[in-house]
Every structure is written in C-alpha cells, then in structure tokens.
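Structure below is coords-v9.txt: compact mmCIF, C-alpha atoms.
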```txt
# COMPACT_ATOMS: atom_id res chain seq x y z
CA MET A 6 -63.80 -34.61 89.54
CA LYS A 7 -67.30 -34.20 90.83
CA PRO A 8 -70.12 -35.96 88.95
CA ALA A 9 -72.08 -32.71 88.49
CA TYR A 10 -69.08 -31.00 86.93
CA SER A 11 -68.45 -33.91 84.58
CA ALA A 12 -72.08 -33.98 83.52
CA ALA A 13 -71.92 -30.25 82.72
CA ILE A 14 -68.88 -30.75 80.55
CA VAL A 15 -70.54 -33.62 78.71
CA GLY A 16 -73.65 -31.51 78.21
CA VAL A 17 -71.65 -28.64 76.76
CA LEU A 18 -69.85 -30.99 74.36
CA VAL A 19 -73.13 -32.51 73.25
CA LEU A 20 -74.61 -29.05 72.67
CA ALA A 21 -71.51 -28.02 70.70
CA MET A 22 -71.78 -31.12 68.51
CA ILE A 23 -75.48 -30.49 67.95
CA ALA A 24 -74.78 -26.82 67.08
CA SER A 25 -71.98 -27.72 64.67
CA ALA A 26 -74.24 -30.25 62.99
CA SER A 27 -77.14 -27.80 62.87
CA LEU A 28 -75.43 -24.61 61.68
CA TYR A 29 -73.73 -23.91 58.38
CA THR A 30 -72.42 -20.81 56.56
CA VAL A 31 -73.08 -19.89 52.93
CA ASP A 32 -70.32 -17.80 51.37
CA GLN A 33 -71.29 -14.88 49.15
CA ARG A 34 -69.57 -16.63 46.24
CA GLN A 35 -71.69 -19.73 46.73
CA ARG A 36 -75.20 -21.07 46.64
CA ALA A 37 -76.34 -24.06 48.66
CA ILE A 38 -78.95 -26.79 48.32
CA LEU A 39 -80.56 -28.11 51.47
CA PHE A 40 -81.40 -31.81 51.25
CA GLN A 41 -83.80 -33.65 53.52
CA LEU A 42 -83.53 -37.42 53.44
CA GLY A 43 -81.84 -37.21 50.03
CA GLU A 44 -84.40 -34.96 48.39
CA VAL A 45 -84.01 -31.26 47.53
CA LYS A 46 -85.84 -29.25 50.17
CA ASP A 47 -84.60 -25.70 49.53
CA VAL A 48 -82.06 -23.61 47.65
CA ILE A 49 -80.16 -21.19 49.87
CA GLU A 50 -79.14 -18.04 47.95
CA THR A 51 -78.65 -15.66 50.90
CA PRO A 52 -75.09 -15.54 52.27
CA GLY A 53 -74.64 -15.94 56.02
CA LEU A 54 -75.36 -18.37 58.85
CA HIS A 55 -78.19 -20.89 58.37
CA PHE A 56 -79.79 -23.74 60.34
CA LYS A 57 -80.49 -27.38 59.42
CA LEU A 58 -81.74 -30.41 61.22
CA PRO A 59 -78.92 -32.77 62.19
CA LEU A 60 -78.94 -36.26 60.70
CA ILE A 61 -82.07 -35.50 58.70
CA GLN A 62 -80.85 -32.64 56.58
CA ASN A 63 -77.54 -32.04 54.79
CA VAL A 64 -76.15 -29.21 52.66
CA ARG A 65 -74.19 -29.13 49.42
CA PHE A 66 -72.42 -26.00 48.16
CA PHE A 67 -72.04 -24.80 44.57
CA ASP A 68 -69.62 -22.16 43.29
CA THR A 69 -71.50 -19.41 41.42
CA ARG A 70 -68.47 -17.40 40.32
CA ILE A 71 -67.51 -17.14 36.65
CA LEU A 72 -65.60 -20.29 35.78
CA THR A 73 -63.28 -21.02 32.85
CA LEU A 74 -63.40 -24.01 30.56
CA ASP A 75 -60.08 -24.13 28.74
CA THR A 76 -59.68 -26.84 26.14
CA ARG A 77 -56.65 -29.01 26.65
CA ASP A 78 -56.04 -29.64 22.96
CA ALA A 79 -56.80 -27.55 19.90
CA GLU A 80 -59.90 -28.70 18.06
CA ARG A 81 -59.49 -29.67 14.39
CA VAL A 82 -62.35 -28.19 12.34
CA THR A 83 -62.90 -27.72 8.61
CA THR A 84 -63.75 -24.40 7.00
CA GLU A 85 -65.62 -23.86 3.75
CA GLY A 86 -63.58 -25.26 0.90
CA ASN A 87 -62.51 -28.25 3.02
CA VAL A 88 -59.55 -26.43 4.60
CA PRO A 89 -58.74 -27.91 8.06
CA VAL A 90 -57.62 -25.63 10.89
CA LEU A 91 -56.69 -26.08 14.54
CA VAL A 92 -58.78 -23.91 16.89
CA ASP A 93 -57.79 -23.34 20.51
CA SER A 94 -60.64 -21.77 22.50
CA PHE A 95 -61.92 -21.13 26.03
CA VAL A 96 -65.35 -20.55 27.58
CA LYS A 97 -66.42 -18.35 30.49
CA TRP A 98 -69.49 -19.76 32.27
CA ARG A 99 -71.29 -19.82 35.60
CA ILE A 100 -74.16 -21.60 37.35
CA ARG A 101 -77.39 -19.68 36.86
CA ASP A 102 -79.95 -22.01 38.45
CA VAL A 103 -78.47 -24.20 41.20
CA ARG A 104 -81.49 -26.52 41.45
CA GLN A 105 -81.63 -27.11 37.70
CA PHE A 106 -77.86 -27.52 37.57
CA TYR A 107 -77.96 -30.22 40.25
CA LEU A 108 -80.86 -32.06 38.66
CA SER A 109 -79.29 -31.91 35.16
CA VAL A 110 -75.58 -32.55 35.64
CA ASP A 111 -74.96 -32.66 39.40
CA ARG A 112 -71.24 -31.79 39.22
CA GLU A 113 -68.98 -29.19 37.58
CA SER A 114 -66.86 -31.85 35.85
CA ILE A 115 -69.92 -33.33 34.15
CA ALA A 116 -71.15 -29.83 33.22
CA GLN A 117 -67.80 -28.98 31.66
CA ASP A 118 -67.83 -32.20 29.61
CA ARG A 119 -71.33 -31.40 28.32
CA LEU A 120 -70.36 -27.78 27.66
CA ASN A 121 -67.18 -28.81 25.88
CA ALA A 122 -69.11 -31.14 23.57
CA ILE A 123 -71.63 -28.43 22.69
CA VAL A 124 -68.88 -25.86 22.05
CA ARG A 125 -67.06 -28.27 19.73
CA SER A 126 -70.23 -29.00 17.78
CA GLU A 127 -71.16 -25.34 17.37
CA LEU A 128 -67.57 -24.38 16.57
CA SER A 129 -67.46 -26.90 13.73
CA ALA A 130 -70.81 -25.65 12.43
CA GLU A 131 -69.79 -21.96 12.49
CA PHE A 132 -66.39 -22.53 10.90
CA GLY A 133 -67.80 -24.95 8.34
CA ARG A 134 -69.93 -22.29 6.68
CA ARG A 135 -67.13 -19.72 6.33
CA LYS A 136 -63.91 -19.43 4.36
CA LEU A 137 -60.51 -19.43 6.00
CA GLU A 138 -59.94 -15.69 5.48
CA ALA A 139 -63.24 -14.90 7.21
CA VAL A 140 -62.59 -16.97 10.34
CA ILE A 141 -59.10 -15.56 10.69
CA SER A 142 -59.87 -11.86 10.34
CA THR A 143 -62.99 -10.35 8.77
CA GLU A 144 -65.79 -12.27 10.57
CA ARG A 145 -64.07 -13.42 13.74
CA ASP A 146 -66.03 -11.19 16.16
CA GLU A 147 -69.32 -12.14 14.53
CA ILE A 148 -68.42 -15.81 14.84
CA MET A 149 -67.71 -15.42 18.56
CA GLU A 150 -71.06 -13.69 19.19
CA ARG A 151 -73.05 -16.28 17.24
CA LEU A 152 -71.12 -19.08 18.94
CA ARG A 153 -71.91 -17.70 22.41
CA ASP A 154 -75.61 -17.36 21.61
CA ARG A 155 -75.87 -20.84 20.12
CA VAL A 156 -73.97 -22.45 23.01
CA ASN A 157 -76.22 -20.63 25.48
CA LYS A 158 -79.26 -22.16 23.80
CA GLY A 159 -77.63 -25.57 23.96
CA VAL A 160 -76.90 -25.38 27.70
CA ALA A 161 -80.08 -23.61 28.78
CA GLN A 162 -81.49 -26.84 30.25
CA LEU A 163 -78.34 -27.35 32.34
CA GLY A 164 -78.97 -24.29 34.50
CA ILE A 165 -75.81 -22.48 33.42
CA ASP A 166 -75.03 -19.29 31.50
CA VAL A 167 -72.22 -18.91 28.96
CA ILE A 168 -70.69 -15.45 29.45
CA ASP A 169 -68.23 -15.56 26.58
CA VAL A 170 -66.61 -17.84 24.03
CA ARG A 171 -63.23 -16.82 22.69
CA VAL A 172 -60.67 -18.26 20.28
CA LYS A 173 -57.10 -17.98 21.50
CA ARG A 174 -55.43 -19.05 18.30
CA ILE A 175 -56.20 -20.44 14.86
CA GLU A 176 -53.49 -22.19 12.92
CA LEU A 177 -53.12 -24.64 10.09
CA PRO A 178 -52.11 -28.25 10.76
CA GLN A 179 -48.49 -29.06 10.01
CA ASP A 180 -49.18 -30.88 6.75
CA VAL A 181 -51.57 -28.20 5.51
CA SER A 182 -49.20 -25.45 6.64
CA GLU A 183 -46.33 -26.93 4.62
CA ARG A 184 -48.50 -27.23 1.50
CA THR A 185 -49.83 -23.72 1.97
CA PHE A 186 -46.33 -22.33 2.44
CA ALA A 187 -45.10 -24.13 -0.68
CA ARG A 188 -48.07 -22.76 -2.66
CA MET A 189 -47.40 -19.25 -1.37
CA VAL A 190 -43.73 -19.52 -2.35
CA SER A 191 -44.73 -20.74 -5.82
CA GLU A 192 -47.21 -17.88 -6.24
CA ARG A 193 -44.67 -15.31 -5.11
CA GLN A 194 -42.07 -16.74 -7.50
CA ARG A 195 -44.58 -16.64 -10.35
CA ALA A 196 -45.47 -13.05 -9.50
CA ALA A 197 -41.78 -12.15 -9.25
CA ASN A 198 -41.03 -13.74 -12.64
CA GLU A 199 -43.96 -11.91 -14.17
CA MET A 200 -42.76 -8.61 -12.74
CA ARG A 201 -39.23 -9.30 -13.98
CA SER A 202 -40.58 -10.02 -17.47
CA ARG A 203 -42.60 -6.83 -17.46
CA GLY A 204 -39.58 -4.93 -16.17
CA ALA A 205 -37.31 -6.38 -18.87
CA ALA A 206 -39.84 -5.51 -21.58
CA GLU A 207 -40.24 -2.01 -20.18
CA GLY A 208 -36.45 -1.67 -19.98
CA GLU A 209 -36.07 -2.67 -23.62
CA LYS A 210 -38.76 -0.18 -24.56
CA ILE A 211 -37.03 2.60 -22.61
CA ARG A 212 -33.63 1.74 -24.10
CA ALA A 213 -35.05 1.67 -27.64
CA ASP A 214 -36.72 5.03 -27.09
CA ALA A 215 -33.49 6.42 -25.63
CA ASP A 216 -31.48 5.16 -28.62
CA ARG A 217 -34.02 6.69 -31.00
CA GLN A 218 -33.89 10.01 -29.16
CA ARG A 219 -30.09 9.83 -29.14
CA SER A 220 -29.99 9.25 -32.91
CA VAL A 221 -32.38 12.13 -33.49
CA ILE A 222 -30.39 14.44 -31.20
CA VAL A 223 -27.05 13.45 -32.79
CA ALA A 224 -28.47 13.92 -36.29
CA GLU A 225 -29.95 17.30 -35.40
CA ALA A 226 -26.69 18.34 -33.72
CA TYR A 227 -24.62 17.22 -36.73
CA SER A 228 -26.97 19.09 -39.04
CA GLU A 229 -26.72 22.20 -36.88
CA ALA A 230 -22.94 21.85 -36.71
CA GLN A 231 -22.69 21.51 -40.47
CA ARG A 232 -24.91 24.54 -40.91
CA ILE A 233 -22.81 26.58 -38.49
CA LYS A 234 -19.63 25.35 -40.13
CA GLY A 235 -20.96 26.24 -43.56
CA GLU A 236 -21.92 29.71 -42.32
CA GLY A 237 -18.44 30.07 -40.81
CA ASP A 238 -16.75 28.93 -44.00
CA ALA A 239 -18.88 31.34 -46.00
CA LYS A 240 -18.02 34.21 -43.66
CA ALA A 241 -14.34 33.23 -43.74
CA ALA A 242 -14.38 33.09 -47.53
CA ALA A 243 -16.11 36.49 -47.61
CA ILE A 244 -13.45 37.92 -45.31
CA TYR A 245 -10.71 36.35 -47.38
CA ASN A 246 -12.23 37.70 -50.57
CA LYS A 247 -12.60 41.14 -49.04
CA ALA A 248 -9.03 41.10 -47.79
CA PHE A 249 -7.77 39.78 -51.12
CA SER A 250 -9.67 42.45 -52.99
CA ALA A 251 -8.24 45.19 -50.77
CA ASP A 252 -4.58 44.22 -51.43
CA PRO A 253 -4.19 41.15 -53.66
CA GLU A 254 -0.41 41.34 -53.65
CA PHE A 255 -0.12 41.42 -49.86
CA TYR A 256 -2.65 38.61 -49.54
CA ALA A 257 -0.70 36.44 -51.99
CA PHE A 258 2.48 37.25 -50.10
CA TYR A 259 0.90 36.32 -46.77
CA ARG A 260 -0.42 33.04 -48.15
CA SER A 261 3.02 32.23 -49.51
CA LEU A 262 4.59 32.84 -46.09
CA ASP A 263 2.10 30.40 -44.56
CA ALA A 264 3.05 27.88 -47.22
CA TYR A 265 6.77 28.38 -46.51
CA ARG A 266 6.15 27.99 -42.78
CA ALA A 267 4.17 24.79 -43.25
CA THR A 268 6.70 23.29 -45.63
CA LEU A 269 9.95 24.27 -43.94
CA ARG A 270 9.15 23.29 -40.34
CA SER A 271 12.61 21.95 -39.45
CA ARG A 272 16.14 22.94 -40.32
CA SER A 273 16.79 19.38 -41.43
CA ASP A 274 14.11 19.61 -44.14
CA VAL A 275 15.55 19.50 -47.64
CA LEU A 276 13.70 20.53 -50.81
CA VAL A 277 14.97 20.16 -54.32
CA LEU A 278 13.12 22.71 -56.43
CA ASP A 279 13.43 24.47 -59.71
CA PRO A 280 14.39 28.13 -59.00
CA ASN A 281 11.84 29.25 -61.55
CA MET A 282 8.90 27.62 -59.75
CA GLU A 283 6.00 29.84 -58.78
CA PHE A 284 6.36 28.60 -55.18
CA LEU A 285 9.67 30.50 -54.86
CA ARG A 286 8.41 33.66 -56.51
CA TYR A 287 8.65 35.89 -53.44
CA MET A 288 12.02 34.53 -52.41
CA ARG A 289 13.30 35.07 -55.87
CA GLY A 290 11.61 38.36 -56.26
CA SER A 291 13.12 39.90 -53.12
CA GLY A 292 16.68 39.04 -54.20
CA ALA A 293 16.11 40.16 -57.75
CA GLY A 294 14.59 43.42 -56.60
CA ARG A 295 17.54 44.34 -54.46
CA GLY A 296 19.96 43.52 -57.33
CA THR A 297 18.18 45.79 -59.86
CA LYS A 298 18.07 48.91 -57.70
```

Now, as a test, write the supplied structure out as structure tokens.
Amino acid sequence: MKPAYSAAIVGVLVLAMIASASLYTVDQRQRAILFQLGEVKDVIETPGLHFKLPLIQNVRFFDTRILTLDTRDAERVTTEGNVPVLVDSFVKWRIRDVRQFYLSVDRESIAQDRLNAIVRSELSAEFGRRKLEAVISTERDEIMERLRDRVNKGVAQLGIDVIDVRVKRIELPQDVSERTFARMVSERQRAANEMRSRGAAEGEKIRADADRQRSVIVAEAYSEAQRIKGEGDAKAAAIYNKAFSADPEFYAFYRSLDAYRATLRSRSDVLVLDPNMEFLRYMRGSGAGRGTK
C-alpha cells in the first residue's frame, strides 16, 4: 500500500471520529443539556442534528414525554373518624423545565422518589379531612383535582408538571374489613329482626281484624237467615192456615197420611195400639163407612 493512500485513509478515519464526537441528534421526544467542562452551557429544545466541541463539551438527554409513577404498594392512610384505608394510586408527570430539573434532582429516579413522597403526604392530608363515604364515592373527583393541584405546587421547584393523579382502588385493611363486615352483618340482623317483629305485630293485627269481621259477618248472616226463616215459617203457616180453612177435613186427612207414612216406614214395623185411638181415626172411619152403607 502506498504511503499517500494510507495517509488518506487515516485522515478520513480521523475526520469521521471528529465528526462523530462533534455531532449529536436530539429526538423530538427529548430535550438535551449541553455541558462545557461540567457546567451547563445551553438547553437544546429543537429536535434535529446539532454540533458540539469534542472533548470540551458533552450532551445529556432527558425524556420529556408523559411518564407514569405507579406506586408499588398501597398506601395506608386514615380518614376522618380514624378509619384506616389502603389507597393504590398512580401519577402522570413530565419534565417541564430541563435545566431546573437537572439542577434540582438530576435524575428521573430521584424525581420519582421526591414526587412519591409529596403524593403520599398530600394524599394523607386530603383523606384525613374526609369521611370514608366521601373518599369512596361522593367527593372522589374533587379529591383528585385538589390532590393534583397541591402536588403541582409541591413539585414546582423540581421543574416538572403533574398532569394527573388518580386512585386505582380504595379498600379496607384485612382486620378493619373483617370488623366492618361483622358490624354490617349485625346491623342487617338487627334490621331483619325488627322487620320480623313489625311483620308479626302487623300480622296479628290483620288476623284480629279478620276474625272480628268474620264474627260480624257470621252474626249478620245468622240474623238474616233467622229473619228469612221466620218469614218462610210465617208464610208456610199462612198457607197451611189458608189450606186448612178451605177444607179442614181434607187437610186433617192429609196430615194423618203423612203421620202414617212417617210411622210405618218398614213392613217389619210393629205397633200395638188401641183401635179407638184418634191416630187410627181415618183407618177406622174408612172401614166403618163401607160397612154402614
């Protein structure tokens, strides 16, 4: 290989090394800080290709996308009335001011530790001034808004913005949950017993009223039946009297036949009677009549 050719190759390699050490690219999802001899010289916010002095200057990149801080363990906080609950939450945040962020916390891990401590403190404060029912349902959205605003104030000096703070779940600790469940069961049993007592009393009242109405109805029906029966007996007696008045002899004869029929129901019936009894008048009279003619 010729010396001139080798020198050209070496020159190209040196230029390539100098170019690679002098050029850098900032992604649109990033911001960069340009350091010169360890001190912050500039903050690069424009994406694209940029130049730096080799050996003298160096670049550090920071992610400016929305990041998520998700707590590993649920935080135990106490609501108003000294009721402990477990709160599992997450935070959406991003770097707002890269220079301030670097000077305050330097790294994302340190920022997340600081942010996590502030969120825990504000979470305890917000939950501590509200009752359990409020943090679970009625005031939950308001709590999240106030929590986001208060955390933003707490991290303002860190150069970051908190986009949102949300609670994933709220539940009672195991010991509190068991006591609460036992209390709920006791309350439901008490309510059930009270309803049963009211139901039994109402049932007795209904039965007593039904018995009273039944007695009144039966008495009125019996009275009406007796009245109708009396009217029927009176009409029957009037008919009998009218019939008897029209032909007393025939009526007496007819009544005697009914008496004979009722008395002599079977051929095996035996009666020992005096022939001169009034009961046998028509039997005796028919035979005597035929003998005299």

One decimal, in Å: what's the spacing between atom CA of Ala79 of chain A and atom CA of Val92 of chain A? 5.1 Å

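One distance worth recording is that between atom CA of Ala248 of chain A and atom CA of Ala264 of chain A, which is 17.9 Å.
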
A straight line from atom CA of Ser182 of chain A to atom CA of Asn87 of chain A spans 14.1 Å

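The environment of segment 142-155 of chain A within 8 Å, counting all atoms listed in the file and disregarding residues fewer than 2 places along the same chain, consists of Val124, Glu127, Leu128, Glu131, Glu138, Ala139, Val140, Asn157, Lys158, Gly159, Val167, Ile168, Asp169, Val170, Arg171 and Val172 of chain A.
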
Which of A:Ser109, A:Thr76, A:Asn63, A:Gln117 sits closest to Ser94 of chain A [using all atoms listed in the file]: A:Thr76

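The smallest atom-to-atom distance between Gln179 of chain A and any of A:Lys57, A:Val90, A:Thr51, A:Phe66, using only C-alpha atoms, is found for A:Val90.
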
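Each of A:Arg99, A:Gly86, A:Pro178, A:Ala116 was checked against Leu137 of chain A using all atoms listed in the file; the smallest atom-to-atom distance is that of A:Gly86.
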
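Counting only C-alpha atoms and comparing A:Phe106, A:Phe40, A:Phe255, A:Phe132, the residue that lies closest to Asp68 of chain A is A:Phe106.
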
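Each of A:Asp252, A:Ile244, A:Ile61, A:Gln105 was checked against Leu39 of chain A using only C-alpha atoms; the smallest atom-to-atom distance is that of A:Ile61.
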
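For the choices A:Val31, A:Ala251, A:Leu72, A:Val110, the atom-to-atom distance to Pro52 of chain A is smallest for A:Val31 when using only C-alpha atoms.
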